[in-house]
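Source file: coords35.txt; contents: compact mmCIF, C-alpha atoms and all ligand atoms.
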# COMPACT_ATOMS: atom_id res chain seq x y z
CA MET A 56 -27.50 -59.25 -27.14
CA THR A 57 -30.52 -56.98 -26.93
CA PHE A 58 -32.60 -56.49 -23.82
CA MET A 59 -35.67 -58.06 -25.48
CA LYS A 60 -33.67 -61.14 -26.34
CA SER A 61 -32.60 -61.51 -22.74
CA ILE A 62 -36.22 -61.34 -21.55
CA GLY A 63 -37.11 -64.07 -24.04
CA ALA A 64 -34.35 -66.29 -22.70
CA THR A 65 -35.54 -65.72 -19.13
CA ALA A 66 -39.14 -66.63 -19.90
CA ALA A 67 -38.03 -69.79 -21.69
CA PHE A 68 -35.95 -70.78 -18.71
CA ILE A 69 -38.81 -70.42 -16.24
CA LEU A 70 -40.98 -72.73 -18.36
CA PHE A 71 -38.12 -75.20 -18.64
CA ALA A 72 -37.49 -75.15 -14.88
CA GLY A 73 -41.14 -75.91 -14.20
CA SER A 74 -41.25 -78.96 -16.43
CA ALA A 75 -37.82 -80.13 -15.30
CA LEU A 76 -38.88 -80.12 -11.65
CA ALA A 77 -41.96 -82.14 -12.45
CA GLY A 78 -40.13 -84.84 -14.33
CA ALA A 79 -36.38 -84.75 -13.86
CA GLY A 80 -34.35 -87.84 -14.62
CA HIS A 81 -35.73 -91.09 -16.01
CA GLY A 82 -39.35 -90.16 -15.39
CA SER A 83 -38.87 -89.74 -11.66
CA SER A 84 -39.17 -86.55 -9.65
CA ILE A 85 -36.41 -84.82 -7.70
CA GLY A 86 -39.09 -83.81 -5.17
CA LYS A 87 -40.98 -80.65 -4.32
CA ALA A 88 -40.81 -77.51 -2.22
CA GLY A 89 -41.05 -78.48 1.44
CA ASP A 90 -43.34 -77.06 4.11
CA PRO A 91 -41.11 -74.94 6.43
CA ASP A 92 -43.40 -75.91 9.36
CA LYS A 93 -42.87 -79.65 8.79
CA VAL A 94 -39.11 -80.00 8.63
CA ASP A 95 -37.68 -83.40 9.64
CA ARG A 96 -34.03 -82.34 9.77
CA VAL A 97 -31.86 -79.28 9.38
CA ILE A 98 -28.59 -79.73 7.48
CA GLU A 99 -25.94 -77.04 7.34
CA VAL A 100 -24.01 -76.75 4.11
CA SER A 101 -20.96 -74.57 3.71
CA MET A 102 -19.97 -73.26 0.29
CA ASP A 103 -16.51 -72.06 -0.66
CA GLU A 104 -14.59 -71.64 -3.90
CA MET A 105 -15.57 -74.67 -5.98
CA LYS A 106 -16.54 -76.88 -3.07
CA TYR A 107 -19.31 -77.87 -0.69
CA ASP A 108 -19.04 -79.27 2.81
CA PRO A 109 -20.48 -81.85 3.15
CA LYS A 110 -19.98 -83.13 -0.38
CA THR A 111 -22.47 -86.00 0.02
CA ILE A 112 -25.78 -85.63 1.85
CA ASN A 113 -27.69 -88.71 2.97
CA VAL A 114 -31.47 -88.45 2.93
CA GLU A 115 -34.44 -90.77 3.20
CA LYS A 116 -37.31 -90.90 0.76
CA GLY A 117 -40.16 -88.74 2.07
CA GLU A 118 -37.97 -86.57 4.30
CA THR A 119 -38.34 -82.80 4.37
CA ILE A 120 -35.01 -81.12 4.94
CA LYS A 121 -34.13 -77.54 5.64
CA PHE A 122 -30.73 -76.79 4.12
CA VAL A 123 -29.04 -73.82 5.75
CA VAL A 124 -26.54 -72.78 3.13
CA ARG A 125 -23.68 -70.48 4.09
CA ASN A 126 -21.31 -68.89 1.58
CA GLU A 127 -17.87 -68.72 3.16
CA GLY A 128 -16.08 -67.88 -0.07
CA ASN A 129 -15.31 -64.67 -1.93
CA LEU A 130 -17.50 -65.34 -4.96
CA ILE A 131 -21.25 -65.86 -5.43
CA HIS A 132 -22.22 -69.51 -5.09
CA GLU A 133 -25.39 -71.44 -5.65
CA PHE A 134 -26.97 -74.43 -3.93
CA ASN A 135 -29.22 -75.93 -6.59
CA LEU A 136 -30.94 -79.30 -6.11
CA GLY A 137 -31.35 -81.08 -9.43
CA THR A 138 -29.87 -83.30 -12.09
CA LYS A 139 -27.38 -82.78 -14.88
CA GLU A 140 -30.30 -82.07 -17.24
CA THR A 141 -31.82 -79.34 -15.06
CA TRP A 142 -28.41 -77.79 -14.39
CA ASP A 143 -27.49 -77.65 -18.10
CA GLY A 144 -30.56 -75.49 -18.73
CA HIS A 145 -29.90 -73.39 -15.67
CA SER A 146 -26.26 -72.74 -16.60
CA LYS A 147 -27.34 -70.99 -19.80
CA GLU A 148 -29.66 -68.77 -17.80
CA MET A 149 -26.91 -67.88 -15.37
CA LYS A 150 -24.60 -66.87 -18.24
CA ASN A 151 -27.37 -64.61 -19.56
CA MET A 152 -27.74 -63.04 -16.12
CA MET A 153 -24.05 -62.16 -16.15
CA LYS A 154 -24.14 -60.77 -19.69
CA SER A 155 -27.12 -58.56 -18.91
CA GLY A 156 -25.58 -57.24 -15.68
CA MET A 157 -28.02 -58.97 -13.29
CA MET A 158 -25.06 -60.39 -11.43
CA THR A 159 -21.29 -60.36 -11.34
CA MET A 160 -19.00 -63.04 -9.94
CA LYS A 161 -19.30 -61.36 -6.53
CA LYS A 162 -22.62 -59.54 -6.35
CA LEU A 163 -26.27 -59.79 -7.34
CA ASN A 164 -27.98 -56.77 -8.85
CA HIS A 165 -31.47 -57.23 -7.43
CA ALA A 166 -32.92 -54.22 -9.27
CA LYS A 167 -31.71 -55.54 -12.63
CA MET A 168 -32.93 -59.04 -11.77
CA MET A 169 -36.43 -57.71 -11.08
CA GLU A 170 -36.33 -55.57 -14.22
CA GLY A 171 -35.46 -58.66 -16.27
CA GLY A 172 -38.17 -60.77 -14.60
CA MET A 173 -35.49 -62.95 -13.03
CA MET A 174 -36.42 -63.17 -9.36
CA HIS A 175 -34.35 -66.27 -8.84
CA ASP A 176 -36.67 -67.65 -6.20
CA GLU A 177 -37.04 -71.24 -7.39
CA PRO A 178 -37.72 -73.37 -4.28
CA ASN A 179 -34.97 -75.89 -5.15
CA SER A 180 -32.25 -73.29 -5.32
CA ALA A 181 -30.47 -70.47 -3.49
CA LEU A 182 -28.02 -68.02 -5.01
CA VAL A 183 -25.91 -66.67 -2.17
CA GLU A 184 -23.53 -63.71 -2.02
CA PRO A 185 -20.22 -63.98 -0.11
CA GLY A 186 -20.78 -63.96 3.66
CA GLN A 187 -24.54 -64.56 3.33
CA THR A 188 -26.75 -67.48 4.40
CA ALA A 189 -29.90 -68.79 2.72
CA GLU A 190 -32.38 -71.59 3.33
CA VAL A 191 -33.83 -74.21 1.00
CA VAL A 192 -36.65 -76.42 2.32
CA TRP A 193 -37.15 -79.49 0.15
CA THR A 194 -39.19 -82.72 0.31
CA PHE A 195 -37.52 -85.73 -1.31
CA THR A 196 -40.58 -87.55 -2.66
CA GLU A 197 -38.70 -90.27 -4.57
CA ALA A 198 -35.35 -91.99 -4.35
CA THR A 199 -33.75 -90.83 -7.58
CA GLU A 200 -30.36 -89.94 -8.98
CA MET A 201 -29.82 -86.30 -8.07
CA GLY A 202 -27.50 -83.89 -6.34
CA PHE A 203 -26.69 -80.26 -5.74
CA ALA A 204 -24.52 -77.96 -7.81
CA CYS A 205 -23.43 -74.39 -8.39
CA ASN A 206 -24.33 -73.04 -11.83
CA VAL A 207 -22.34 -69.82 -11.63
CA PRO A 208 -20.33 -69.98 -14.91
CA GLY A 209 -17.26 -72.17 -14.45
CA HIS A 210 -18.10 -73.44 -10.98
CA ARG A 211 -19.85 -76.76 -11.68
CA GLU A 212 -17.24 -77.35 -14.39
CA GLY A 213 -14.64 -76.67 -11.68
CA GLY A 214 -16.03 -79.44 -9.50
CA MET A 215 -18.64 -77.56 -7.50
CA ALA A 216 -21.23 -80.34 -7.23
CA GLY A 217 -22.32 -82.82 -4.59
CA GLU A 218 -24.44 -85.93 -4.28
CA ILE A 219 -27.79 -86.63 -2.62
CA ALA A 220 -27.62 -90.27 -1.47
CA PHE A 221 -30.89 -92.02 -0.61
CA ALA A 222 -30.87 -94.50 2.25
CA GLY A 223 -31.17 -98.07 0.99
CA HIS A 224 -30.39 -97.17 -2.64
CU CU A 301 -20.05 -71.49 -7.08
Represent the supplied structure as structure tokens.
Ligand SMILES: [Cu+2]
Amino acid sequence: MTFMKSIGATAAFILFAGSALAGAGHGSSIGKAGDPDKVDRVIEVSMDEMKYDPKTINVEKGETIKFVVRNEGNLIHEFNLGTKETWDGHSKEMKNMMKSGMMTMKKLNHAKMMEGGMMHDEPNSALVEPGQTAEVVWTFTEATEMGFACNVPGHREGGMAGEIAFAGH
């Protein structure tokens, strides 16, 4: 693959991510970036090889939650709020990032990510190196079918996904 091709793929993904966030799953929204100053609850999530703890997270419609996501494994892992549709698009992007050297299974190459226009700073997602911690602040505006998953190649396929369960649904 040429470098220009990889830039094209990145730009396409950013457009896709924007529209997916606005209308994921059966015409309902998975929510929006939360205000870090108006957090209702803090939930700690631990990531390890192919698993999350907790595996199911209970939320209420309208809640703003700060997820503190810690990678306790030896590989890069991602905490990505979304649906199967948004993850399928994101998985392709992640494979391209690996092919073009923006990341390996264990490390991010921040310089290459910037060079390729791939900042990876979507508010619904954190890509975390081993031993690191990241935060995702998210407002759940609607009760909808959604969850969290890791789109590093092979991980979601290996079972690295969890469920967001809405109270009363
Ligand atoms: Cu993973």
| field | Shell around segment 208-220 of chain A at 6 Å using all atoms listed in the file, local window under 3 positions removed, as an MDAnalysis selection string | value | chainID A and resid 105:106 110:113 201:205
Saved selection, atoms kept: C-alpha atoms, as a compact mmCIF listing (two decimals), keeping the file's coordinate frame:
# COMPACT_ATOMS: atom_id res chain seq x y z
CA MET A 105 -15.57 -74.67 -5.98
CA LYS A 106 -16.54 -76.88 -3.07
CA LYS A 110 -19.98 -83.13 -0.38
CA THR A 111 -22.47 -86.00 0.02
CA ILE A 112 -25.78 -85.63 1.85
CA ASN A 113 -27.69 -88.71 2.97
CA MET A 201 -29.82 -86.30 -8.07
CA GLY A 202 -27.50 -83.89 -6.34
CA PHE A 203 -26.69 -80.26 -5.74
CA ALA A 204 -24.52 -77.96 -7.81
CA CYS A 205 -23.43 -74.39 -8.39
| task | Give the answer as one residue: which of A:Val97, A:Ala189, A:Val207, A:Met169 has the shortest atom-to-atom distance to ligand CU 301 (chain A), using only C-alpha atoms and all ligand atoms? | result | A:Val207
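The space separating atom CA of Ile85 of chain A from atom CA of Ala181 of chain A comes to 16.1 Å.
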| To one decimal place, how far is atom CA of Gly89 of chain A from atom CA of Thr199 of chain A in Å? | 16.9 Å
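Distance annotation: of A:Val183, A:Met157, A:Val100, A:Ala88, the residue with the minimal separation from ligand CU 301 (chain A) is A:Val183; atom set is all atoms listed in the file.
Taking atom CA of Gly128 of chain A and atom CA of Gly186 of chain A as the two end points, the separation is 7.2 Å.
Comparing A:Lys154, A:Lys161, A:His224, A:Arg96 by their smallest distance to ligand CU 301 (chain A), the closest is A:Lys161 (using only C-alpha atoms and all ligand atoms).
Using only C-alpha atoms for every distance, the candidate list A:Thr119, A:Thr138, A:Asn206, A:Ser155 yields A:Thr119 as the residue closest to Lys87 of chain A.
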| task | Find the residue from A:Glu170, A:Asp176, A:Glu127, A:Glu133 that sits nearest to ligand CU 301 (chain A); use all atoms listed in the file when measuring. | result | A:Glu133
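When only C-alpha atoms and all ligand atoms are used to compute distances to ligand CU 301 (chain A), the closest of the residues A:Met158, A:Ser83, A:Leu182, A:Asp143 turns out to be A:Leu182.
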Six-sided padding of 3 Å per side, axis-aligned box over segment 88-93 of chain A, centre and edges in Å, one decimal, as lines of an AutoDock Vina configuration file:
center_x = -42.1
center_y = -77.3
center_z = 3.6
size_x = 8.6
size_y = 10.7
size_z = 17.6
Step by step: locate segment 118-159 of chain A in the block above, keep C-alpha atoms, then write the file as a PDB file, in the first residue's frame.
ATOM      1  CA  GLU A 118     -25.786  10.012  32.855  1.00  0.00           C
ATOM      2  CA  THR A 119     -22.313  11.399  32.211  1.00  0.00           C
ATOM      3  CA  ILE A 120     -19.659   8.879  33.150  1.00  0.00           C
ATOM      4  CA  LYS A 121     -15.930   9.194  33.390  1.00  0.00           C
ATOM      5  CA  PHE A 122     -14.351   5.864  32.484  1.00  0.00           C
ATOM      6  CA  VAL A 123     -10.857   5.482  33.896  1.00  0.00           C
ATOM      7  CA  VAL A 124      -9.384   2.797  31.687  1.00  0.00           C
ATOM      8  CA  ARG A 125      -6.251   0.987  32.798  1.00  0.00           C
ATOM      9  CA  ASN A 126      -4.284  -1.399  30.587  1.00  0.00           C
ATOM     10  CA  GLU A 127      -2.922  -4.178  32.780  1.00  0.00           C
ATOM     11  CA  GLY A 128      -1.924  -6.400  29.877  1.00  0.00           C
ATOM     12  CA  ASN A 129       1.162  -6.703  27.698  1.00  0.00           C
ATOM     13  CA  LEU A 130      -0.453  -5.580  24.444  1.00  0.00           C
ATOM     14  CA  ILE A 131      -2.124  -2.338  23.326  1.00  0.00           C
ATOM     15  CA  HIS A 132      -5.837  -2.337  24.081  1.00  0.00           C
ATOM     16  CA  GLU A 133      -8.689  -0.039  23.230  1.00  0.00           C
ATOM     17  CA  PHE A 134     -11.818   1.040  25.070  1.00  0.00           C
ATOM     18  CA  ASN A 135     -14.196   2.091  22.309  1.00  0.00           C
ATOM     19  CA  LEU A 136     -17.851   2.899  22.997  1.00  0.00           C
ATOM     20  CA  GLY A 137     -20.008   2.002  20.013  1.00  0.00           C
ATOM     21  CA  THR A 138     -21.944  -0.621  18.124  1.00  0.00           C
ATOM     22  CA  LYS A 139     -20.990  -3.483  15.848  1.00  0.00           C
ATOM     23  CA  GLU A 140     -21.449  -1.142  12.868  1.00  0.00           C
ATOM     24  CA  THR A 141     -19.092   1.538  14.192  1.00  0.00           C
ATOM     25  CA  TRP A 142     -16.524  -1.059  15.261  1.00  0.00           C
ATOM     26  CA  ASP A 143     -16.501  -2.780  11.854  1.00  0.00           C
ATOM     27  CA  GLY A 144     -15.444   0.513  10.255  1.00  0.00           C
ATOM     28  CA  HIS A 145     -12.933   1.205  12.985  1.00  0.00           C
ATOM     29  CA  SER A 146     -11.316  -2.239  12.713  1.00  0.00           C
ATOM     30  CA  LYS A 147     -10.316  -1.533   9.110  1.00  0.00           C
ATOM     31  CA  GLU A 148      -8.708   1.713  10.190  1.00  0.00           C
ATOM     32  CA  MET A 149      -6.777  -0.023  12.938  1.00  0.00           C
ATOM     33  CA  LYS A 150      -5.428  -2.592  10.468  1.00  0.00           C
ATOM     34  CA  ASN A 151      -4.253   0.273   8.248  1.00  0.00           C
ATOM     35  CA  MET A 152      -2.523   1.882  11.226  1.00  0.00           C
ATOM     36  CA  MET A 153      -0.576  -1.326  11.793  1.00  0.00           C
ATOM     37  CA  LYS A 154       0.345  -1.734   8.122  1.00  0.00           C
ATOM     38  CA  SER A 155       1.620   1.828   7.897  1.00  0.00           C
ATOM     39  CA  GLY A 156       3.671   1.537  11.095  1.00  0.00           C
ATOM     40  CA  MET A 157       1.545   3.922  13.211  1.00  0.00           C
ATOM     41  CA  MET A 158       1.289   1.233  15.834  1.00  0.00           C
ATOM     42  CA  THR A 159       2.464  -2.253  16.682  1.00  0.00           C
TER      43      THR A 159
END
